[in-house]
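Data from structure_35.pdb: PDB, C-alpha atoms
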ATOM      1  CA  MET R   1       0.000   0.000   0.000
ATOM      2  CA  THR R   2       1.290   3.449  -0.951
ATOM      3  CA  ILE R   3       1.746   5.838   1.961
ATOM      4  CA  HIS R   4       0.831   9.476   1.383
ATOM      5  CA  LEU R   5       2.113  12.556   3.190
ATOM      6  CA  GLU R   6      -1.033  14.665   3.101
ATOM      7  CA  THR R   7      -0.741  16.471   6.431
ATOM      8  CA  GLN R   8       1.956  17.618   8.815
ATOM      9  CA  SER R   9       0.921  14.865  11.222
ATOM     10  CA  ASP R  10       1.456  12.291   8.449
ATOM     11  CA  LEU R  11       5.004  13.539   8.017
ATOM     12  CA  GLU R  12       5.704  13.619  11.750
ATOM     13  CA  GLU R  13       4.480  10.062  12.198
ATOM     14  CA  ALA R  14       6.635   8.929   9.272
ATOM     15  CA  VAL R  15       9.745  10.676  10.622
ATOM     16  CA  HIS R  16       9.352   9.060  14.049
ATOM     17  CA  THR R  17       8.934   5.682  12.357
ATOM     18  CA  LEU R  18      12.145   6.266  10.403
ATOM     19  CA  ILE R  19      14.093   7.168  13.545
ATOM     20  CA  LYS R  20      12.973   3.950  15.247
ATOM     21  CA  ARG R  21      13.932   1.957  12.183
ATOM     22  CA  ASP R  22      17.311   3.628  11.629
ATOM     23  CA  PRO R  23      18.981   4.860  14.847
ATOM     24  CA  ARG R  24      21.477   6.908  12.794
ATOM     25  CA  LEU R  25      18.661   9.339  12.058
ATOM     26  CA  LYS R  26      18.191  10.249  15.718
ATOM     27  CA  ALA R  27      21.179  12.623  15.709
ATOM     28  CA  VAL R  28      20.077  13.999  12.340
ATOM     29  CA  PHE R  29      16.630  14.729  13.742
ATOM     30  CA  GLU R  30      18.013  16.293  16.917
ATOM     31  CA  LEU R  31      19.926  18.844  14.850
ATOM     32  CA  ALA R  32      17.398  19.325  12.066
ATOM     33  CA  GLY R  33      14.196  19.352  14.074
ATOM     34  CA  MET R  34      10.878  18.241  12.638
ATOM     35  CA  PRO R  35      10.657  19.222   8.961
ATOM     36  CA  ALA R  36       7.643  21.086   7.644
ATOM     37  CA  LEU R  37       5.506  19.373   5.038
ATOM     38  CA  ARG R  38       5.954  20.982   1.612
ATOM     39  CA  ARG R  39       3.245  20.697  -1.006
ATOM     40  CA  ARG R  40       2.528  22.082  -4.481
ATOM     41  CA  GLU R  41      -0.484  22.069  -6.764
ATOM     42  CA  PRO R  42      -1.071  18.610  -8.322
ATOM     43  CA  GLY R  43      -2.140  17.739 -11.853
ATOM     44  CA  PHE R  44      -0.982  19.313 -15.096
ATOM     45  CA  ALA R  45      -0.524  22.763 -13.525
ATOM     46  CA  GLY R  46       1.786  21.390 -10.852
ATOM     47  CA  LEU R  47       3.965  19.521 -13.330
ATOM     48  CA  ALA R  48       4.004  22.493 -15.719
ATOM     49  CA  HIS R  49       5.139  24.733 -12.862
ATOM     50  CA  ILE R  50       8.118  22.461 -12.184
ATOM     51  CA  VAL R  51       8.986  22.217 -15.886
ATOM     52  CA  CYS R  52       8.955  26.015 -16.160
ATOM     53  CA  GLY R  53      11.492  26.268 -13.357
ATOM     54  CA  GLN R  54      13.975  23.741 -14.722
ATOM     55  CA  GLN R  55      17.536  25.136 -14.918
ATOM     56  CA  LEU R  56      16.413  28.669 -14.041
ATOM     57  CA  SER R  57      16.931  30.908 -11.047
ATOM     58  CA  THR R  58      14.072  31.152  -8.571
ATOM     59  CA  VAL R  59      13.345  34.728  -9.662
ATOM     60  CA  SER R  60      13.297  33.939 -13.382
ATOM     61  CA  ALA R  61      11.186  30.820 -12.892
ATOM     62  CA  ALA R  62       8.646  32.726 -10.772
ATOM     63  CA  ALA R  63       8.379  35.494 -13.364
ATOM     64  CA  ILE R  64       7.742  33.080 -16.231
ATOM     65  CA  TRP R  65       5.237  31.053 -14.245
ATOM     66  CA  GLY R  66       3.439  34.227 -13.208
ATOM     67  CA  ARG R  67       3.034  35.319 -16.828
ATOM     68  CA  LEU R  68       2.038  31.847 -17.986
ATOM     69  CA  SER R  69      -0.567  31.184 -15.302
ATOM     70  CA  ALA R  70      -2.041  34.672 -15.720
ATOM     71  CA  ALA R  71      -2.343  34.286 -19.496
ATOM     72  CA  PHE R  72      -4.738  31.340 -19.313
ATOM     73  CA  ASP R  73      -7.927  31.114 -17.270
ATOM     74  CA  PRO R  74      -8.177  28.336 -16.420
ATOM     75  CA  PHE R  75      -4.608  27.104 -16.817
ATOM     76  CA  ASP R  76      -5.010  23.493 -17.887
ATOM     77  CA  HIS R  77      -3.771  21.031 -20.487
ATOM     78  CA  ASP R  78      -6.454  22.013 -23.001
ATOM     79  CA  ALA R  79      -5.433  25.662 -22.871
ATOM     80  CA  VAL R  80      -1.781  24.831 -23.464
ATOM     81  CA  ARG R  81      -2.611  22.303 -26.182
ATOM     82  CA  ARG R  82      -4.571  24.948 -28.093
ATOM     83  CA  ALA R  83      -2.109  27.788 -27.509
ATOM     84  CA  GLY R  84       0.184  28.841 -30.330
ATOM     85  CA  THR R  85       3.901  28.200 -29.996
ATOM     86  CA  GLU R  86       4.698  31.870 -30.631
ATOM     87  CA  ARG R  87       2.364  32.978 -27.841
ATOM     88  CA  LEU R  88       3.974  30.595 -25.370
ATOM     89  CA  GLY R  89       7.397  31.817 -26.453
ATOM     90  CA  ARG R  90       6.444  35.441 -25.826
ATOM     91  CA  LEU R  91       5.551  34.459 -22.253
ATOM     92  CA  GLY R  92       9.159  33.407 -21.734
ATOM     93  CA  LEU R  93       9.156  29.678 -22.400
ATOM     94  CA  SER R  94      12.053  28.147 -24.311
ATOM     95  CA  ALA R  95      11.417  25.998 -27.366
ATOM     96  CA  ALA R  96      12.329  22.884 -25.371
ATOM     97  CA  LYS R  97       9.875  23.686 -22.579
ATOM     98  CA  ILE R  98       7.108  24.489 -25.044
ATOM     99  CA  LYS R  99       7.680  21.103 -26.668
ATOM    100  CA  THR R 100       7.535  19.375 -23.271
ATOM    101  CA  LEU R 101       4.333  21.126 -22.170
ATOM    102  CA  LYS R 102       2.656  20.542 -25.537
ATOM    103  CA  HIS R 103       3.496  16.838 -25.387
ATOM    104  CA  LEU R 104       2.170  16.562 -21.818
ATOM    105  CA  ALA R 105      -1.034  18.356 -22.819
ATOM    106  CA  ARG R 106      -1.592  15.982 -25.752
ATOM    107  CA  GLU R 107      -0.910  12.869 -23.667
ATOM    108  CA  ILE R 108      -3.303  13.957 -20.919
ATOM    109  CA  GLY R 109      -5.950  15.046 -23.435
ATOM    110  CA  ALA R 110      -5.766  11.661 -25.160
ATOM    111  CA  GLN R 111      -5.975   9.926 -21.760
ATOM    112  CA  ARG R 112      -2.674   8.192 -22.331
ATOM    113  CA  LEU R 113      -1.312   9.862 -19.187
ATOM    114  CA  ASN R 114      -3.156  10.138 -15.878
ATOM    115  CA  LEU R 115      -1.054  12.056 -13.396
ATOM    116  CA  ASP R 116      -3.386  11.321 -10.480
ATOM    117  CA  VAL R 117      -2.934   7.566 -10.875
ATOM    118  CA  LEU R 118       0.790   7.969 -10.198
ATOM    119  CA  ALA R 119       0.008   8.812  -6.564
ATOM    120  CA  GLU R 120      -1.105   5.201  -6.012
ATOM    121  CA  GLU R 121       1.707   3.502  -7.916
ATOM    122  CA  ASP R 122       4.968   2.188  -6.575
ATOM    123  CA  ALA R 123       7.352   5.160  -6.359
ATOM    124  CA  ASP R 124       9.923   3.639  -8.697
ATOM    125  CA  ALA R 125       7.284   2.690 -11.285
ATOM    126  CA  ALA R 126       5.752   6.182 -11.136
ATOM    127  CA  HIS R 127       9.219   7.701 -11.489
ATOM    128  CA  HIS R 128       9.905   5.686 -14.641
ATOM    129  CA  THR R 129       6.514   6.590 -16.116
ATOM    130  CA  LEU R 130       7.360  10.274 -15.788
ATOM    131  CA  ILE R 131      10.954  10.174 -17.018
ATOM    132  CA  ALA R 132       9.767   8.323 -20.140
ATOM    133  CA  LEU R 133       8.044  11.570 -21.144
ATOM    134  CA  PRO R 134      10.116  13.944 -23.317
ATOM    135  CA  GLY R 135      11.636  16.760 -21.285
ATOM    136  CA  ILE R 136      10.891  15.201 -17.889
ATOM    137  CA  GLY R 137      14.100  14.310 -16.070
ATOM    138  CA  PRO R 138      14.595  12.426 -12.797
ATOM    139  CA  TRP R 139      14.633  15.558 -10.620
ATOM    140  CA  THR R 140      11.386  16.885 -12.121
ATOM    141  CA  ALA R 141       9.726  13.477 -11.730
ATOM    142  CA  ASP R 142      10.713  13.111  -8.089
ATOM    143  CA  VAL R 143       9.760  16.674  -7.145
ATOM    144  CA  TYR R 144       6.333  16.132  -8.741
ATOM    145  CA  LEU R 145       5.753  12.831  -6.958
ATOM    146  CA  LEU R 146       6.863  14.149  -3.589
ATOM    147  CA  PHE R 147       5.511  17.683  -3.495
ATOM    148  CA  CYS R 148       2.515  17.574  -5.850
ATOM    149  CA  LEU R 149       1.228  14.070  -5.113
ATOM    150  CA  GLY R 150       2.518  13.646  -1.557
ATOM    151  CA  HIS R 151       3.985  10.249  -2.451
ATOM    152  CA  GLY R 152       5.489   8.955   0.762
ATOM    153  CA  ASP R 153       8.188   6.889  -0.929
ATOM    154  CA  ALA R 154       9.353   9.275  -3.668
ATOM    155  CA  TRP R 155      13.134   9.512  -3.462
ATOM    156  CA  PRO R 156      14.966  12.477  -5.071
ATOM    157  CA  ALA R 157      18.232  10.601  -5.535
ATOM    158  CA  GLY R 158      19.685  13.295  -7.802
ATOM    159  CA  ASP R 159      19.050  16.219  -5.455
ATOM    160  CA  LEU R 160      22.401  17.750  -4.495
ATOM    161  CA  ALA R 161      21.183  19.089  -1.140
ATOM    162  CA  VAL R 162      19.941  15.653  -0.071
ATOM    163  CA  GLN R 163      23.184  14.065  -1.269
ATOM    164  CA  GLU R 164      25.298  16.562   0.669
ATOM    165  CA  ALA R 165      23.171  16.201   3.800
ATOM    166  CA  ILE R 166      23.524  12.406   3.713
ATOM    167  CA  LYS R 167      27.281  12.695   3.258
ATOM    168  CA  ILE R 168      27.551  14.852   6.383
ATOM    169  CA  GLY R 169      24.878  13.127   8.456
ATOM    170  CA  LEU R 170      26.111   9.585   7.818
ATOM    171  CA  GLY R 171      29.806  10.535   7.870
ATOM    172  CA  LEU R 172      30.479   9.399   4.304
ATOM    173  CA  PRO R 173      33.886  10.170   2.740
ATOM    174  CA  ALA R 174      32.293  11.768  -0.333
ATOM    175  CA  ARG R 175      28.921  12.973  -1.514
ATOM    176  CA  PRO R 176      27.024   9.923  -2.836
ATOM    177  CA  THR R 177      26.206   9.781  -6.505
ATOM    178  CA  GLU R 178      22.641   9.418  -7.764
ATOM    179  CA  LYS R 179      23.300   5.714  -8.312
ATOM    180  CA  GLN R 180      24.704   5.270  -4.805
ATOM    181  CA  MET R 181      21.696   7.016  -3.273
ATOM    182  CA  ALA R 182      19.359   4.116  -4.083
ATOM    183  CA  PRO R 183      20.975   1.471  -1.842
ATOM    184  CA  LEU R 184      21.556   4.062   0.890
ATOM    185  CA  ALA R 185      17.805   4.666   1.088
ATOM    186  CA  GLU R 186      16.644   1.030   1.037
ATOM    187  CA  LEU R 187      16.239   0.962   4.817
ATOM    188  CA  TRP R 188      13.849   3.922   4.617
ATOM    189  CA  ARG R 189      11.317   2.326   2.255
ATOM    190  CA  PRO R 190       8.350   2.940   2.008
ATOM    191  CA  LEU R 191       8.981   6.307   3.669
ATOM    192  CA  ARG R 192      11.837   7.630   1.560
ATOM    193  CA  GLY R 193       9.823  10.782   0.851
ATOM    194  CA  ALA R 194       9.670  11.548   4.559
ATOM    195  CA  ALA R 195      13.402  10.817   4.787
ATOM    196  CA  ALA R 196      13.998  13.372   2.013
ATOM    197  CA  HIS R 197      12.103  16.010   4.001
ATOM    198  CA  LEU R 198      14.260  15.224   7.032
ATOM    199  CA  TRP R 199      17.485  15.454   5.036
ATOM    200  CA  TRP R 200      16.457  18.797   3.512
ATOM    201  CA  SER R 201      15.795  20.076   7.018
ATOM    202  CA  TYR R 202      19.196  18.797   8.125
ATOM    203  CA  TYR R 203      20.867  20.467   5.143
ATOM    204  CA  ARG R 204      19.278  23.782   6.113
ATOM    205  CA  ALA R 205      20.467  23.388   9.712
ATOM    206  CA  VAL R 206      24.040  22.487   8.749
ATOM    207  CA  LYS R 207      24.536  24.779   5.760
ATOM    208  CA  LYS R 208      22.359  27.673   6.976
ATOM    209  CA  ARG R 209      20.607  27.845   3.634
ATOM    210  CA  GLU R 210      17.491  26.375   2.075
ATOM    211  CA  GLY R 211      17.826  23.134   0.139
ATOM    212  CA  VAL R 212      14.181  22.372  -0.634
ATOM    213  CA  PRO R 213      13.253  23.005  -4.300
ATOM    214  CA  ALA R 214      11.861  26.494  -4.795
ATOM    215  CA  GLY R 215       8.109  26.872  -4.743
ATOM    216  CA  SER R 216       7.513  23.938  -2.395
ATOM    217  CA  ASN R 217       5.405  25.459   0.360
TER     218      ASN R 217
END
Could you take the file, read its structure, and then write that structure out as structure tokens?
Amino acid sequence: MTIHLETQSDLEEAVHTLIKRDPRLKAVFELAGMPALRRREPGFAGLAHIVCGQQLSTVSAAAIWGRLSAAFDPFDHDAVRRAGTERLGRLGLSAAKIKTLKHLAREIGAQRLNLDVLAEEDADAAHHTLIALPGIGPWTADVYLLFCLGHGDAWPAGDLAVQEAIKIGLGLPARPTEKQMAPLAELWRPLRGAAAHLWWSYYRAVKKREGVPAGSN
């Protein structure tokens, strides 16, 4: 059964379960404190928001998203599917991002992609479904699963802040690679999403700066 992190109490219960399961996390928790649950809008709008922010500064991403979401009422896959490429470009989207959003809109419109169903799937299977889509990389997939769908086992293995936090918190000689992050997190299944929240909180405590992806409130 898939565990969901829908409320702050869900996250707190999951974190306490993790600490009991892995005693190494007790010291991490004592320094980090209880993380706050971060959520974003689900569905097409939530995924489009993440795509718009790929490889951009927080300020630039917010500006583009503000223009894009204001230009369509409602902002949904049908609106983007019908929109002209030139119009989307004038709002600040790159050609690559327009292509990605158009493809997503067509797949959802044709009912070949159901983003809501991913919330109930195994985290790894849902991850692979998303990264099979053009323009959707591992980081985007994991951020969507964790923050938009509240998937309790989503694991952002490629997130640099989580990697750095694990290196420090577990006393590793080097920051683990994305590939190495998978076996490191096996003990935390099916609550790897809660573990990610804890590691982001630890990163903030140790580095004195935010590590959670921008826009996750």
Q: Have a look at R:Pro74, R:Thr129, R:Asp124, R:Gly135 and name the one nearest to R:Ala95; count all atoms listed in the file.
A: R:Gly135
**Q.** atom CA of R:Arg87 to atom CA of R:Pro42, distance in Å rounded to a single decimal
**A.**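 So the two atoms, atom CA of R:Arg87 and atom CA of R:Pro42, lie 24.5 Å apart.
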Q | Minimum-distance residue to R:Val162, chosen among R:Ser201, R:Thr17, R:Asn114, R:Gln54 (using only C-alpha atoms) | A |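 Nearest to R:Val162: R:Ser201.
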**Q.** For R:Leu68, the nearest of the candidates R:Ala110, R:Ala45, R:Val15, R:Ala165, counting only C-alpha atoms
**A.**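 Looking only at the distances to R:Leu68, the closest residue turns out to be R:Ala45.
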Q: Excluding R:His49 and any residue of its chain fewer than 3 positions from it, enumerate the residues within 9 Å of it, using only C-alpha atoms, and give them as an NGL selection string.
A: :R and (41 or 44-46 or 52-53 or 61-62 or 65 or 69 or 215)
Q | Nearest residue to R:Asp159 from the set R:Ile98, R:Ile64, R:Met181, R:Leu145 (distances using only C-alpha atoms) | A |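 Smallest separation from R:Asp159 among the options: R:Met181.
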